[in-house]
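Trainee: Here you go, one structure.
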Amino acid sequence: MTLIAVSKTFPAAALEEAYEAGCREFGENYVQEFEAKRPLLTRLHGARYHLIGHLQSNKARKAAELFETIQTVDGERLARRLNEQQRPLDVMQRPLDVMIEVKLGAEESKHGVEPGEIGALREAIAGMTNLRLLGLMTIPPWSDDPEATRPYFRQLRELGERHGLRALSMGMSNDFEAAIEEGATHIRVGTALFGRRQRP
Ligand SMILES: *Cc1c(COP(=O)(O)O)cnc(C)c1O
């Protein structure tokens with residue numbers, strides 16, 4: 001079980017503090033915001049950074065340079081762009097870790113592939129030598145009741161099993177317990193660690 005400390009909107013000092021408390025995995029939503037923070041984090045040896053916000057193809061190069069894992073791959077075009085990137089020397093030796101973002105609960109989530117599209121995207125990524133597909137990620141429709149969200153977590157686990165994908169990134173501050181019970185391998189926790197964000 002990997003705890004991802006979601007540090008979007010918080011300054012580099014907040015990541016340092018979390019690192020000192022033992023956090024090694026961080027989640028950020030915006031490429032531009034993290035590009036500004038990244039040079040301030042050189043002391044965080046061994047820290048790994050996950051992009052958990054939507055990624056536009058035109059920012060794929062920058063994202064591949066900045067992040068260890070892109071959790072929000074939602075199409076073959078974006079995957080191909082990521083696969084084409086020349087990554088910096090220190091990370092070029094290994095493939096870029098990616099997850100497929102899955103859209104569950106239709107209308108509310110803007111991004112992600114439909115469950116029926118996972119197979120084709122998985123096949124496409126399997127042929128991309130610079131990418132390593134870890135598993136699936138989802139952001140279910142928001143609810144303050146974890147029991148309302150639980151069926152989505154269960155659904156993601158079933159999809160992972162069906163497609164032979166082990167990693168499941170699901171669960172946030174208000175519902176990570178339910179996500180863990182349903183098989184989450186990565187939980188993404190912001191507010192419960194850093195407090196409330198000033199801006200979205
Ligand atoms: C902001 C964010 C989180 C963290 O949400 P909290 O409720 O603050 O824990 C997790 N996942 C994604 C995709 C996010 O954008």
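Each chain in the structure tokens gets a letter, A, B and so on, in the order shown; residues start at 1 in every chain, and ligands are counted from 1 in the order they appear.
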Quick one: everything within 9 Å of Met1 of chain A, counting only C-alpha atoms, minus sequence neighbours fewer than 4 positions away in the same chain. Send it as number ranges by chain.
Mentor: A: 180, 184-187
Trainee: When you look at segment 124-132 of chain A with a cut-off of 8 Å (counting only C-alpha atoms), what residues show up, excluding the ones that are within fewer than 5 positions of it in the same chain? I need them as a list in words.
Mentor: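 The residues satisfying every condition are Glu76, Ala79, Arg80, Leu82, Asn83, Glu84, Arg94, Pro95, Leu96, Asp97 and Val98 of chain A.
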Trainee: For the residues in that selection, give me all heavy atoms as a CSV table (one decimal), in the first residue's frame.
Mentor:
chain,number,residue,atom,x,y,z
A,76,GLU,N,-4.7,6.8,-26.3
A,76,GLU,CA,-3.5,6.3,-27.0
A,76,GLU,C,-2.6,7.4,-27.5
A,76,GLU,O,-1.4,7.3,-27.4
A,76,GLU,CB,-3.9,5.4,-28.2
A,76,GLU,CG,-2.8,4.6,-28.8
A,76,GLU,CD,-3.2,3.7,-29.9
A,76,GLU,OE1,-4.3,3.2,-29.9
A,76,GLU,OE2,-2.3,3.4,-30.8
A,79,ALA,N,-0.5,8.5,-24.6
A,79,ALA,CA,0.4,7.5,-24.3
A,79,ALA,C,1.6,7.5,-25.3
A,79,ALA,O,2.8,7.4,-24.9
A,79,ALA,CB,-0.2,6.1,-24.3
A,80,ARG,N,1.2,7.7,-26.6
A,80,ARG,CA,2.3,7.7,-27.6
A,80,ARG,C,3.2,8.9,-27.4
A,80,ARG,O,4.4,8.8,-27.6
A,80,ARG,CB,1.6,7.8,-29.0
A,80,ARG,CG,2.2,6.7,-29.9
A,80,ARG,CD,1.6,6.7,-31.3
A,80,ARG,NE,0.2,6.5,-31.4
A,80,ARG,CZ,-0.6,7.5,-31.8
A,80,ARG,NH1,-0.2,8.6,-32.3
A,80,ARG,NH2,-1.9,7.3,-31.8
A,82,LEU,N,3.9,10.4,-24.6
A,82,LEU,CA,4.8,10.1,-23.4
A,82,LEU,C,5.9,9.2,-23.8
A,82,LEU,O,7.0,9.3,-23.4
A,82,LEU,CB,3.9,9.6,-22.3
A,82,LEU,CG,3.0,10.6,-21.6
A,82,LEU,CD1,2.0,9.8,-20.7
A,82,LEU,CD2,3.8,11.6,-20.8
A,83,ASN,N,5.5,8.2,-24.6
A,83,ASN,CA,6.5,7.2,-25.0
A,83,ASN,C,7.6,7.8,-25.9
A,83,ASN,O,8.7,7.2,-25.9
A,83,ASN,CB,5.8,6.1,-25.8
A,83,ASN,CG,6.7,4.9,-26.1
A,83,ASN,OD1,7.3,4.3,-25.2
A,83,ASN,ND2,6.7,4.5,-27.4
A,84,GLU,N,7.3,8.8,-26.6
A,84,GLU,CA,8.3,9.4,-27.5
A,84,GLU,C,9.3,10.3,-26.8
A,84,GLU,O,10.3,10.8,-27.4
A,84,GLU,CB,7.5,10.3,-28.6
A,84,GLU,CG,6.8,9.5,-29.6
A,84,GLU,CD,5.8,10.4,-30.3
A,84,GLU,OE1,5.7,11.6,-30.1
A,84,GLU,OE2,5.1,9.8,-31.2
A,94,ARG,N,15.2,3.7,-17.2
A,94,ARG,CA,14.1,2.9,-16.9
A,94,ARG,C,12.8,3.5,-17.6
A,94,ARG,O,12.8,4.7,-17.8
A,94,ARG,CB,13.9,2.7,-15.4
A,94,ARG,CG,13.8,4.0,-14.7
A,94,ARG,CD,13.4,3.8,-13.2
A,94,ARG,NE,13.3,5.1,-12.6
A,94,ARG,CZ,12.3,5.9,-12.8
A,94,ARG,NH1,11.3,5.6,-13.6
A,94,ARG,NH2,12.3,7.1,-12.2
A,95,PRO,N,11.8,2.7,-17.8
A,95,PRO,CA,10.6,3.2,-18.5
A,95,PRO,C,9.8,4.1,-17.5
A,95,PRO,O,10.0,4.1,-16.3
A,95,PRO,CB,9.8,2.0,-18.8
A,95,PRO,CG,10.4,0.9,-18.0
A,95,PRO,CD,11.7,1.2,-17.6
A,96,LEU,N,9.0,5.0,-18.1
A,96,LEU,CA,8.1,5.9,-17.4
A,96,LEU,C,6.9,5.1,-16.9
A,96,LEU,O,6.3,4.4,-17.7
A,96,LEU,CB,7.7,7.0,-18.3
A,96,LEU,CG,6.7,8.0,-17.7
A,96,LEU,CD1,7.3,8.8,-16.6
A,96,LEU,CD2,6.2,9.0,-18.8
A,97,ASP,N,6.6,5.1,-15.6
A,97,ASP,CA,5.5,4.4,-15.1
A,97,ASP,C,4.2,5.1,-15.4
A,97,ASP,O,4.1,6.4,-15.2
A,97,ASP,CB,5.6,4.3,-13.5
A,97,ASP,CG,6.7,3.3,-13.1
A,97,ASP,OD1,7.0,2.4,-14.0
A,97,ASP,OD2,7.2,3.3,-12.0
A,98,VAL,N,3.2,4.4,-15.8
A,98,VAL,CA,1.9,5.0,-16.2
A,98,VAL,C,0.8,4.2,-15.6
A,98,VAL,O,0.9,3.0,-15.3
A,98,VAL,CB,1.7,5.2,-17.7
A,98,VAL,CG1,2.8,6.2,-18.3
A,98,VAL,CG2,1.7,3.9,-18.4
Trainee: Neighbouring residues of Arg48 of chain A were defined as those with any atom within 7 Å, considering only C-alpha atoms; residues of the same chain fewer than 3 positions away were excluded. Please report them as a PDB file with C-alpha atoms, in the first residue's frame.
Mentor:
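As written to disk, around.pdb reads:
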ATOM      1  CA  ARG A  24       8.291   9.476  -0.122  1.00  0.00           C
ATOM      2  CA  GLU A  25       5.519   9.608  -2.714  1.00  0.00           C
ATOM      3  CA  PHE A  26       3.879  12.871  -3.703  1.00  0.00           C
ATOM      4  CA  GLU A  68       8.114   9.309 -12.062  1.00  0.00           C
TER       5      GLU A  68
END
Trainee: Select the residues contacting ligand 1 at a distance of at most 7 Å, based on only C-alpha atoms and all ligand atoms, then format the selection as a VMD selection string.
Mentor: chain A and resid 6 8 29 52 to 53 139 172 to 174 188 to 192
Trainee: Work out how far apart atom CA of Tyr49 of chain A and atom CA of Gly27 of chain A are and give it in Å to one decimal.
Mentor: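 Interatomic distance here is 5.9 Å.
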Trainee: Find the distance between atom CA of Gln86 of chain A and atom CA of Asn58 of chain A and write it in Å to one decimal.
Mentor: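 Straight-line distance from atom CA of Gln86 of chain A to atom CA of Asn58 of chain A works out to 14.5 Å.
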Trainee: Check the smallest atom-to-atom distance from each of A:Glu123, A:Glu147, A:Glu17, A:Glu28 to Gly171 of chain A using only C-alpha atoms, then report the winner.
Mentor: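 Selected residue with least distance to Gly171 of chain A: A:Glu147.
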